[in-house]
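K.L.:
Could you have a look at this structure, given as structure tokens, before my questions?
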Amino acid sequence: MAEYLIKNGFVFDPVLGIKGDRVDVAIKDGKIVETTALSSPKVIDAAGKTVMAGGVDIHAHVAGPKVNIGRNFRPEDKLFGYKARSGIERMQGGFSVPTTIRTGYNYARMGYTTVMEAAMPPLYARHTHEEMRDTPILDQGAYPVFGNNWFVLEYLKNHEIENAAAYIAWLLRATKGYAVKVVNPGGTEAWAWGLNCENVHDPVPYFDITPAQIIKGLIEANEYLGLPHSMHMHANNLGNPGNYTTTLDSFKLSEGIKPNSKFGRDQVMHHTHVQFHSYGGDSWANVESKAKEIMDYVNSHDNLTIDMGQVTLDETTTMTADGPFEHHLTELNHLKWANADVELETGSGVVPYVYSPSIKVCAIQWAIGLELALLAKDPMRVFMTTDHPNAGPFIRYPRIMKWLMSEEARKQQFDAFKHKDKVIDATNLANIDRELDLYEIAQMTRAGPAKSLGLAHMYGGLAPGLEADVAVFNFNPNEPYAPDDIEKAFGSAEHLFKAGVQVIQDREIVSNGNKRTLWVNAKVNENPQVMRDVKEKFLRYYTVTLNNYEVTGHYLPNPYVIEVDATE
Amino acid sequence: MTRTVTDVICPFCGTLCDDLEVVVSDDGKELLEVYNACAIGAEKFLHSQAKDRITRPRMRQEDGSWKEISYDEAIEYTARMLTDAKKPLMYGWSSTNCEAQAVGSEIGEVVGAVMDNTATVCHGTSLIAVQDIGIPSCTLGEVKNRADRILFWGCNPAHAHPRHMSRYSIFPRGFFTGKGHTGRKVIVVDPRPTDTASVADVHLQVEQGRDYELLNAFRVAFKGEQLPDVVAGIPKEKIYEAAETLKSGRFVIIFFGMGVTQSLGKNHNIDEAIAVTRDLNEYTKAAIMPMRGHYNVTGSGQVWGWLFGFPYAVDLSRGFARYNPGETTSNDLLRRDEVDAVFVLGSDPGAHFPFSSVKKIYDRPSVAIDPHETPTTEVCKVHVPVAFVGVEVGGCAYRMDNVPIETRKVVEPPEGMMTDEEFLKHVLARVKEIQGE
Ligand code: SF4
């Protein structure tokens with residue numbers, strides 16, 4: 001494998017604590033090494049440029065059944081945006097729901113190298129893996145959803161943590177999944193009857209359990225197993241005015257629980273797209289930001305990480321396992337609605353959405369997302385996402401950087417709002433003058449998410465021994481720049497290395513890389529009861545047989561297995 | 001001695017049953033018996049055992065006779081045909097696995113083909129309707145475990161999807177449906193007195209081609225508004241009654257088939273059927289599902305979805321993907337003489353396309369990849385027999401509810417026989433070579 005020496009760049013790396021110093025980065029055999037370990041490297045001149053580790057996206061909907069519903073039912077999303085085949089690049093299409101090929105390339109162009117698929121319905125795991133297989137360059141893993149799964153509901157109703165954990169371990173193996181995802185706990189099961197669970201104490205029909213019990217039980221089971229990532233949470237009551245209290249109630253369920261993981265994370269709950277969960281008021285007429293209340297809580301509780309779910313003010317496609325929410329949305333905007341309930345496991349919905357700067361609520365949502373990041377005391381626990389494509393397409397990350405790094409850019413956006421004054425009244429953003437620096441950005445987009453995922457030993461930094469995922473951007477932090485320069489520079493990496501392979505050279509994709517699929521193999525003590533339950537449910541209620549359920553073989557041509565031993 | 005392979009997937013219809021048991025000879029070469037399958041499914045397995053099966057590619061001669069050729073020659077012919085053509089049609093893709101579909105898609109990309117699948121003459125109209133209005137749906141297990149109102153519209157599973165009613169829709173006892181069929185109300189809407197209609201509680205014998213009116217009348221009835229005395233041949237009392245039956249259910253499922261997708265109104269019928277489903281969600285829970293025919297037509301729509309963004313009728317001839325049904329659909333292209341070569345895999349347009357289209361295939365350079373001799377192989381210049389997917393080679397297939405299942409290999413293909421995927425990989429490599437020349 002070729003050796004590389006990236007010379008003289010301004011390096012931002014929270015792992016080594018480098019804040020823009022000129023440091024050389026050495027690559028050998030797919031890893032970062034000491035510069036002295038190189039013999040005859042290819043030299044990349046990064047003088048006057050910014051160097052960072054490859055970006056890590058902790059939460060995006062990029063592969064699987066609902067993503068493909070979004071593609072297939074929105075031909076209009078492909079209008080004008082198609083890119084022809086050229087060189088090694090295959091055809092690429094789609095804006096808010098890009099094809100898998102475009103997903104891989106567009107992330108790479110922004111300097112991202114690891115992307116987690118945020119919600120995998122277990123019964124559709126094969127589909128999710130097929131799409132990830134066909135997504136070039138990126139290392140990926142997928143989170144199977146557990147929060148409405150009948151096994152989980154039945155075990156946790158009686159607080160059977162060990163059984164829930166054994167089932168989780170079994171399902172992670174069967175689906176080749178990475179982490180425990182929870183979406184609208186209990187609410188999606190209720191949606192199978194057209195109902196919902198609107199707060200953490202709203203009982204799940206028939207199953208005689210509350211969302212609070214599900215959330216707490218899954219955190220405990222996650223820590224029982226000691227998985228790399230914590231329980232990954234999308235709370236009840238998403239997207240509704242006044243929902244911040246439900247969010248705080250959900251946060252509080254993690255209190256007093258300590259992480260038990262050898263993978264270096266400090267949190268026991270990651271709460272995703274918090275923007276959608278930080279609303280005050282009691283109607284769309286008086287909805288207001290409660291980002292401050294939310295961030296007061298987050299800032300004072302170490303065992304929690306969150307991501308933003310930043311609204312980007314685009315036309316996009318919403319998609320979530322929160323089935324009742326999508327139905328609610330289609331009734332609000334009257335656009336087309338797809339729904340896909342999955343037997344014994346979960347559900348999902350898909351609805352297009354236009355976040356218009358002329359609509360007050362959309363502008364308030366925009367402000368709330370930025371407030372979360374700008375009120376963060378510890379950028380290692382607050383990550384940049386758009387909950388792609390829900391609040392906007394991931395290709396807007398460089399634009400979000402611009403808003404976070406420049407008060408002027410935010411002012412420009414405020415001025416472009418039709419209801420500027422009302423938006424300012426309903427939010428705190430106009431009073432926040434904080435401008436993040438590139439070190440903080442690297443925390444929010446690299447080191448932080450890698451740590452939260454339990455992958456700090458592979459990604460997120462430039463310390464020797466880590467994967468050689470390195471991005472070089474044409475941006476000189478020491479020279480004056482306009483806000484738009486940020487967006488431009490970070491939207492198109494000059495060079496990108498993935499596991500030591502140069503995939504972008506002079507802004508051209510030159511390799512499809514060597515993508516890997518990460519999954520977690522958790523060993524647990526034999527649990528005859530759980531295996532009996534699994535057999536019986538497949539025999540009686542599933543429509544596929546147990547022997548046809550597990551995903552194996554060609555679905556993961558290049559697997560990377562993370563072993564966890566929970567047998568002690 | 002024999003051995004029994006369990007959990008075998010039936011590669012025939014979109015029901016994609018996965019509980020078959022197949023008895024094979026000890027050496028794994030012969031398939032002896034098939035259990036649990038319906039008659040058509042079992043036939044598919046046993047057919048692969050035909051002693052007179054064609055096992056080598058053949059090329060049509062001037063005098064109309066066949067001459068056996070090698071796989072290499074077949075690969076060369078196919079690769080040349082596709083690269084020489086300005087705009088080849090690559091059609092079918094519904095009776096093969098997703099792996100072959102993916103390789104075929106890359107070939108299509110490289111040569112600039114139009115990719116189309118059997119939805120073009122089947123549920124393509126449904127796919128268009130979904131693009132208009134969306135689709136509230138679910139997996140078949142949701143139906144089994146929850147549904148107490150089953151509506152079959154313009155479909156006849158008793159014949160086309162024989163195990164559908166017992167596995168998923170009418171008869172099974174699920175978690176919330178312990179009483180099986182006695183707890184369910186079944187409505188069939190069909191102009192014909194079908195075998196499915198004969199097991200229904202209610203048969204609404206709609207006038208031929210009047211589905212849209214009847215669907216619309218349901219929406220009126222849900223709201224309790226006034227209907228004319230008779231709509232689409234059905235007295236209004238029966239419509240009100242059926243509407244009330246649906247509204248009062250806990251979980252309603254509507255299955256629909258080619259009786260509505262390809263009759264007068266086409267995609268507009270499906271628009272309206274989905275609107276009925278949306279409306280029902282105001283009162284209770286409701287879902288709707290197309291009864292997909294071929295066992296993996298759904299999968300080809302999925303593969304093209306993630307690779308190109310469109311489920312069928314994908315025109316790659318301009319170097320990027322375009323989708324415009326009516327223009328980029330197979331029969332329209334053939335009849336307007338817009339394609340100059342035809343490649344068929346995993347379908348039988350010779351049997352299903354109008355004669356005028358089939359004649360165009362006959363007039364052009366053409367290749368059919370198919371384990372069987374079919375009406376299509378009869379009109380093509382080259383026939384490449386391949387191993388049976390789901391019998392002699394595994395691979396992924398998507399059930400009508402989009403659930404992906406890995407099909408199984410249960411016996412060896414005849415010696416030296418290629419699979420779809422292998423053949424396509426060779427063609428892809430050769431196409432790239434030719435283009436590099
Ligand atoms: S119903 Fe369809 S899938 Fe099932 S056995 Fe019959 S032909 Fe095969």
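Starting from 1 in every chain, residues are counted up; chains themselves are A, B, ... following the order of the structure tokens, and ligands are numbered from 1 as listed.
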Taking 5 positions as the minimum chain separation for residues in the same chain, which residues sit within 7 Å of region 401-408 of chain B when counting only C-alpha atoms? Answer as a list in words.
P.N.:
Leu123, Tyr124, Arg126, His127 and Asn548 of chain A; Val8, Ile9, Cys138, Thr139, Leu140, Thr298, Gly390, Val391, Val393, Gly394, Gly395 and Cys396 of chain B
K.L.:
Dump C-alpha atoms for the selected residues as a tab-separated table (two decimals), in the first residue's frame?
P.N.:
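The resulting file, selection_24.tsv, is shown below:
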```tsv
chain	number	residue	atom	x	y	z
A	123	LEU	CA	-37.03	-7.88	8.78
A	124	TYR	CA	-35.61	-5.62	6.08
A	126	ARG	CA	-31.03	-7.61	3.88
A	127	HIS	CA	-32.32	-4.64	1.95
A	548	ASN	CA	-34.64	-17.59	6.49
B	8	VAL	CA	-36.97	-23.57	0.76
B	9	ILE	CA	-38.22	-20.45	-1.01
B	138	CYS	CA	-47.42	-2.97	5.66
B	139	THR	CA	-45.82	-6.39	5.65
B	140	LEU	CA	-47.93	-9.48	5.14
B	298	THR	CA	-40.48	-6.16	-6.65
B	390	GLY	CA	-34.10	-20.42	-6.30
B	391	VAL	CA	-33.54	-24.02	-7.35
B	393	VAL	CA	-28.58	-21.06	-7.39
B	394	GLY	CA	-29.60	-18.78	-4.48
B	395	GLY	CA	-29.80	-15.01	-4.33
B	396	CYS	CA	-32.03	-12.29	-3.00
```
K.L.:
Can you tell me, as a list in words, what residues are no more than 8 Å from region 522-525 of chain A when counting only C-alpha atoms, ignoring any on the same chain fewer than 6 positions away?
P.N.:
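Everything that qualifies: Ala166, Ala169, Leu172, Arg173, Leu225, Leu227, Glu563, Val564, Asp565, Ala566 and Thr567 of chain A.
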K.L.:
Neighbouring residues of Val230 (chain B) were defined as those with any atom within 10 Å, considering only C-alpha atoms; residues of the same chain fewer than 5 positions away were excluded. Please report them as a ChimeraX atom specification.
P.N.:
/B:214,217,235-239
K.L.:
If the limit is 8 Å from any atom of ligand 1, counting only C-alpha atoms and all ligand atoms, which residues qualify? Return them as a PDB file with N, CA, C and O atoms, in the first residue's frame.
P.N.:
```
ATOM      1  N   ILE B   9     -37.423 -21.563  -0.511  1.00  0.00           N
ATOM      2  CA  ILE B   9     -38.220 -20.448  -1.005  1.00  0.00           C
ATOM      3  C   ILE B   9     -38.734 -20.793  -2.404  1.00  0.00           C
ATOM      4  O   ILE B   9     -37.984 -21.283  -3.253  1.00  0.00           O
ATOM      5  N   CYS B  10     -39.994 -20.514  -2.637  1.00  0.00           N
ATOM      6  CA  CYS B  10     -40.572 -20.815  -3.952  1.00  0.00           C
ATOM      7  C   CYS B  10     -40.353 -19.652  -4.907  1.00  0.00           C
ATOM      8  O   CYS B  10     -40.893 -18.573  -4.708  1.00  0.00           O
ATOM      9  N   PRO B  11     -39.564 -19.870  -5.951  1.00  0.00           N
ATOM     10  CA  PRO B  11     -39.291 -18.773  -6.891  1.00  0.00           C
ATOM     11  C   PRO B  11     -40.337 -18.721  -7.992  1.00  0.00           C
ATOM     12  O   PRO B  11     -40.022 -18.849  -9.171  1.00  0.00           O
ATOM     13  N   PHE B  12     -41.571 -18.576  -7.602  1.00  0.00           N
ATOM     14  CA  PHE B  12     -42.567 -18.457  -8.658  1.00  0.00           C
ATOM     15  C   PHE B  12     -43.349 -17.150  -8.555  1.00  0.00           C
ATOM     16  O   PHE B  12     -43.170 -16.259  -9.352  1.00  0.00           O
ATOM     17  N   CYS B  13     -44.205 -17.037  -7.542  1.00  0.00           N
ATOM     18  CA  CYS B  13     -45.021 -15.815  -7.511  1.00  0.00           C
ATOM     19  C   CYS B  13     -44.621 -14.907  -6.356  1.00  0.00           C
ATOM     20  O   CYS B  13     -43.824 -15.268  -5.503  1.00  0.00           O
ATOM     21  N   GLY B  14     -45.191 -13.719  -6.349  1.00  0.00           N
ATOM     22  CA  GLY B  14     -44.838 -12.708  -5.365  1.00  0.00           C
ATOM     23  C   GLY B  14     -45.197 -13.054  -3.932  1.00  0.00           C
ATOM     24  O   GLY B  14     -44.856 -12.322  -3.003  1.00  0.00           O
ATOM     25  N   THR B  15     -45.884 -14.170  -3.741  1.00  0.00           N
ATOM     26  CA  THR B  15     -46.175 -14.650  -2.389  1.00  0.00           C
ATOM     27  C   THR B  15     -44.889 -15.104  -1.703  1.00  0.00           C
ATOM     28  O   THR B  15     -44.761 -15.056  -0.492  1.00  0.00           O
ATOM     29  N   LEU B  16     -43.948 -15.549  -2.511  1.00  0.00           N
ATOM     30  CA  LEU B  16     -42.603 -15.951  -2.090  1.00  0.00           C
ATOM     31  C   LEU B  16     -42.625 -16.823  -0.824  1.00  0.00           C
ATOM     32  O   LEU B  16     -41.941 -16.535   0.156  1.00  0.00           O
ATOM     33  N   CYS B  17     -43.412 -17.888  -0.862  1.00  0.00           N
ATOM     34  CA  CYS B  17     -43.487 -18.815   0.277  1.00  0.00           C
ATOM     35  C   CYS B  17     -42.086 -19.315   0.616  1.00  0.00           C
ATOM     36  O   CYS B  17     -41.301 -19.613  -0.280  1.00  0.00           O
ATOM     37  N   ASP B  18     -41.777 -19.399   1.916  1.00  0.00           N
ATOM     38  CA  ASP B  18     -40.410 -19.801   2.278  1.00  0.00           C
ATOM     39  C   ASP B  18     -40.405 -21.017   3.189  1.00  0.00           C
ATOM     40  O   ASP B  18     -39.476 -21.220   3.954  1.00  0.00           O
ATOM     41  N   LEU B  20     -41.127 -24.272   2.025  1.00  0.00           N
ATOM     42  CA  LEU B  20     -41.204 -25.503   1.247  1.00  0.00           C
ATOM     43  C   LEU B  20     -40.181 -26.525   1.737  1.00  0.00           C
ATOM     44  O   LEU B  20     -39.161 -26.162   2.328  1.00  0.00           O
ATOM     45  N   ASN B  36     -45.386 -28.743   0.529  1.00  0.00           N
ATOM     46  CA  ASN B  36     -45.925 -27.449   0.991  1.00  0.00           C
ATOM     47  C   ASN B  36     -46.189 -26.449  -0.122  1.00  0.00           C
ATOM     48  O   ASN B  36     -46.829 -25.441   0.112  1.00  0.00           O
ATOM     49  N   ALA B  37     -45.661 -26.677  -1.305  1.00  0.00           N
ATOM     50  CA  ALA B  37     -45.893 -25.703  -2.379  1.00  0.00           C
ATOM     51  C   ALA B  37     -47.293 -25.902  -2.950  1.00  0.00           C
ATOM     52  O   ALA B  37     -47.892 -26.967  -2.811  1.00  0.00           O
ATOM     53  N   CYS B  38     -47.799 -24.865  -3.605  1.00  0.00           N
ATOM     54  CA  CYS B  38     -49.033 -25.047  -4.364  1.00  0.00           C
ATOM     55  C   CYS B  38     -48.675 -25.725  -5.689  1.00  0.00           C
ATOM     56  O   CYS B  38     -47.501 -25.933  -5.998  1.00  0.00           O
ATOM     57  N   ALA B  39     -49.674 -26.025  -6.481  1.00  0.00           N
ATOM     58  CA  ALA B  39     -49.423 -26.789  -7.705  1.00  0.00           C
ATOM     59  C   ALA B  39     -48.475 -26.052  -8.653  1.00  0.00           C
ATOM     60  O   ALA B  39     -47.545 -26.643  -9.209  1.00  0.00           O
ATOM     61  N   ILE B  40     -48.660 -24.727  -8.789  1.00  0.00           N
ATOM     62  CA  ILE B  40     -47.796 -24.037  -9.747  1.00  0.00           C
ATOM     63  C   ILE B  40     -46.371 -23.935  -9.222  1.00  0.00           C
ATOM     64  O   ILE B  40     -45.412 -24.022  -9.973  1.00  0.00           O
ATOM     65  N   GLY B  41     -46.235 -23.751  -7.920  1.00  0.00           N
ATOM     66  CA  GLY B  41     -44.901 -23.684  -7.340  1.00  0.00           C
ATOM     67  C   GLY B  41     -44.162 -25.005  -7.489  1.00  0.00           C
ATOM     68  O   GLY B  41     -42.998 -25.054  -7.892  1.00  0.00           O
ATOM     69  N   ALA B  42     -44.848 -26.095  -7.167  1.00  0.00           N
ATOM     70  CA  ALA B  42     -44.231 -27.417  -7.270  1.00  0.00           C
ATOM     71  C   ALA B  42     -43.807 -27.689  -8.710  1.00  0.00           C
ATOM     72  O   ALA B  42     -42.722 -28.205  -8.978  1.00  0.00           O
ATOM     73  N   ALA B 160     -53.859 -17.004  -8.936  1.00  0.00           N
ATOM     74  CA  ALA B 160     -52.580 -16.368  -9.265  1.00  0.00           C
ATOM     75  C   ALA B 160     -51.572 -16.438  -8.120  1.00  0.00           C
ATOM     76  O   ALA B 160     -50.363 -16.454  -8.339  1.00  0.00           O
ATOM     77  N   HIS B 161     -52.064 -16.451  -6.879  1.00  0.00           N
ATOM     78  CA  HIS B 161     -51.191 -16.517  -5.694  1.00  0.00           C
ATOM     79  C   HIS B 161     -51.790 -17.542  -4.748  1.00  0.00           C
ATOM     80  O   HIS B 161     -52.284 -17.194  -3.663  1.00  0.00           O
ATOM     81  N   PRO B 162     -51.739 -18.814  -5.126  1.00  0.00           N
ATOM     82  CA  PRO B 162     -52.592 -19.807  -4.463  1.00  0.00           C
ATOM     83  C   PRO B 162     -52.444 -19.915  -2.942  1.00  0.00           C
ATOM     84  O   PRO B 162     -53.414 -20.200  -2.258  1.00  0.00           O
ATOM     85  N   ARG B 163     -51.264 -19.667  -2.401  1.00  0.00           N
ATOM     86  CA  ARG B 163     -51.129 -19.838  -0.945  1.00  0.00           C
ATOM     87  C   ARG B 163     -51.285 -18.518  -0.182  1.00  0.00           C
ATOM     88  O   ARG B 163     -51.142 -18.487   1.048  1.00  0.00           O
ATOM     89  N   HIS B 164     -51.549 -17.465  -0.890  1.00  0.00           N
ATOM     90  CA  HIS B 164     -51.685 -16.146  -0.250  1.00  0.00           C
ATOM     91  C   HIS B 164     -52.770 -16.158   0.825  1.00  0.00           C
ATOM     92  O   HIS B 164     -52.573 -15.689   1.949  1.00  0.00           O
ATOM     93  N   TYR B 295     -41.957 -13.563  -8.903  1.00  0.00           N
ATOM     94  CA  TYR B 295     -41.451 -13.631  -7.527  1.00  0.00           C
ATOM     95  C   TYR B 295     -40.468 -12.534  -7.190  1.00  0.00           C
ATOM     96  O   TYR B 295     -40.262 -12.222  -6.030  1.00  0.00           O
TER      97      TYR B 295
END
```
K.L.:
Pull the closest atom pair for each residue of chain B that gets at most 7 Å from chain A, along with the distance in Å to one decimal, counting only C-alpha atoms, ordering rows by chain and then ascending residue number, as CSV.
P.N.:
```
residue,atom,partner,partner_atom,distance
B:Asp7,CA,A:Asn547,CA,6.6
B:Asp18,CA,A:Val544,CA,6.3
B:Asp19,CA,A:Thr545,CA,6.8
B:Val130,CA,A:Phe73,CA,6.0
B:Gln131,CA,A:Phe73,CA,4.4
B:Asp132,CA,A:Lys336,CA,6.8
B:Ile133,CA,A:Lys336,CA,4.4
B:Gly134,CA,A:Trp337,CA,4.5
B:Ile135,CA,A:Ala338,CA,4.3
B:Pro136,CA,A:Asn339,CA,4.2
B:Ser137,CA,A:Ala340,CA,5.0
B:Cys138,CA,A:Asp341,CA,4.3
B:Thr139,CA,A:Val342,CA,5.3
B:Leu140,CA,A:Thr543,CA,6.9
B:Gly141,CA,A:Glu343,CA,5.0
B:Glu142,CA,A:Glu343,CA,4.9
B:Asn145,CA,A:Tyr541,CA,6.6
B:Gly174,CA,A:Tyr541,CA,5.7
B:Phe175,CA,A:Tyr541,CA,6.4
B:Arg250,CA,A:Trp193,CA,6.9
B:Phe251,CA,A:Trp193,CA,6.9
B:Thr284,CA,A:Gly194,CA,6.1
B:Lys285,CA,A:Gly194,CA,5.0
B:Gln302,CA,A:Asn68,CA,6.9
B:Gly305,CA,A:Asn72,CA,5.5
B:Trp306,CA,A:Thr99,CA,5.0
B:Leu307,CA,A:Thr99,CA,5.4
B:Phe308,CA,A:Thr99,CA,6.1
B:Gly309,CA,A:Arg71,CA,5.1
B:Phe310,CA,A:Asn72,CA,5.1
B:Pro311,CA,A:Asn72,CA,5.8
B:Gly319,CA,A:Ala84,CA,5.2
B:Phe320,CA,A:Ala84,CA,4.7
B:Val403,CA,A:Tyr124,CA,6.0
B:Pro404,CA,A:Arg126,CA,6.2
B:Ile405,CA,A:Asn548,CA,6.8
B:Glu406,CA,A:Asn548,CA,7.0
```
K.L.:
Write out the residues from the selection above, keeping C-alpha atoms, as a PDB file, in the first residue's frame.
P.N.:
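And here's selection.pdb as it stands now:
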```pdb
ATOM      1  CA  ASP B   7     -37.175 -23.638   4.526  1.00  0.00           C
ATOM      2  CA  ASP B  18     -40.410 -19.801   2.278  1.00  0.00           C
ATOM      3  CA  ASP B  19     -41.577 -22.947   4.009  1.00  0.00           C
ATOM      4  CA  VAL B 130     -47.660   5.755  -5.681  1.00  0.00           C
ATOM      5  CA  GLN B 131     -45.647   8.620  -7.133  1.00  0.00           C
ATOM      6  CA  ASP B 132     -48.836  10.676  -7.171  1.00  0.00           C
ATOM      7  CA  ILE B 133     -50.240   9.949  -3.775  1.00  0.00           C
ATOM      8  CA  GLY B 134     -47.939   7.622  -1.816  1.00  0.00           C
ATOM      9  CA  ILE B 135     -48.909   4.274  -0.356  1.00  0.00           C
ATOM     10  CA  PRO B 136     -49.856   3.322   3.177  1.00  0.00           C
ATOM     11  CA  SER B 137     -48.812  -0.306   3.364  1.00  0.00           C
ATOM     12  CA  CYS B 138     -47.423  -2.969   5.659  1.00  0.00           C
ATOM     13  CA  THR B 139     -45.820  -6.394   5.647  1.00  0.00           C
ATOM     14  CA  LEU B 140     -47.932  -9.485   5.136  1.00  0.00           C
ATOM     15  CA  GLY B 141     -47.363 -10.436   8.769  1.00  0.00           C
ATOM     16  CA  GLU B 142     -49.276  -7.344   9.828  1.00  0.00           C
ATOM     17  CA  ASN B 145     -51.627 -10.800  12.888  1.00  0.00           C
ATOM     18  CA  GLY B 174     -52.227 -14.528  14.078  1.00  0.00           C
ATOM     19  CA  PHE B 175     -51.505 -12.743  17.327  1.00  0.00           C
ATOM     20  CA  ARG B 250     -59.748  -2.667  13.420  1.00  0.00           C
ATOM     21  CA  PHE B 251     -57.321  -3.181  10.580  1.00  0.00           C
ATOM     22  CA  THR B 284     -59.320   3.088  11.704  1.00  0.00           C
ATOM     23  CA  LYS B 285     -56.087   1.547  10.506  1.00  0.00           C
ATOM     24  CA  GLN B 302     -35.824  -1.913  -5.505  1.00  0.00           C
ATOM     25  CA  GLY B 305     -34.505   2.472  -7.018  1.00  0.00           C
ATOM     26  CA  TRP B 306     -31.251   2.582  -5.127  1.00  0.00           C
ATOM     27  CA  LEU B 307     -29.058   2.628  -8.247  1.00  0.00           C
ATOM     28  CA  PHE B 308     -31.067   5.031 -10.425  1.00  0.00           C
ATOM     29  CA  GLY B 309     -34.000   6.343  -8.382  1.00  0.00           C
ATOM     30  CA  PHE B 310     -36.814   4.872 -10.506  1.00  0.00           C
ATOM     31  CA  PRO B 311     -38.623   1.533 -10.207  1.00  0.00           C
ATOM     32  CA  GLY B 319     -25.703   8.662 -20.062  1.00  0.00           C
ATOM     33  CA  PHE B 320     -27.947   9.476 -17.131  1.00  0.00           C
ATOM     34  CA  VAL B 403     -39.542  -8.140   2.325  1.00  0.00           C
ATOM     35  CA  PRO B 404     -36.227  -9.475   1.002  1.00  0.00           C
ATOM     36  CA  ILE B 405     -35.598 -13.202   1.335  1.00  0.00           C
ATOM     37  CA  GLU B 406     -32.525 -15.145   0.307  1.00  0.00           C
TER      38      GLU B 406
END
```
K.L.:
Tell me, as an MDAnalysis selection string, which residues lie within 12 Å of Val183 (chain A), counting only C-alpha atoms; anything in the same chain fewer than 6 positions away does not count.
P.N.:
chainID A and resid 118:121 143:149 189 197 211 214:215 218 231:238 271:273 319:325 345:348
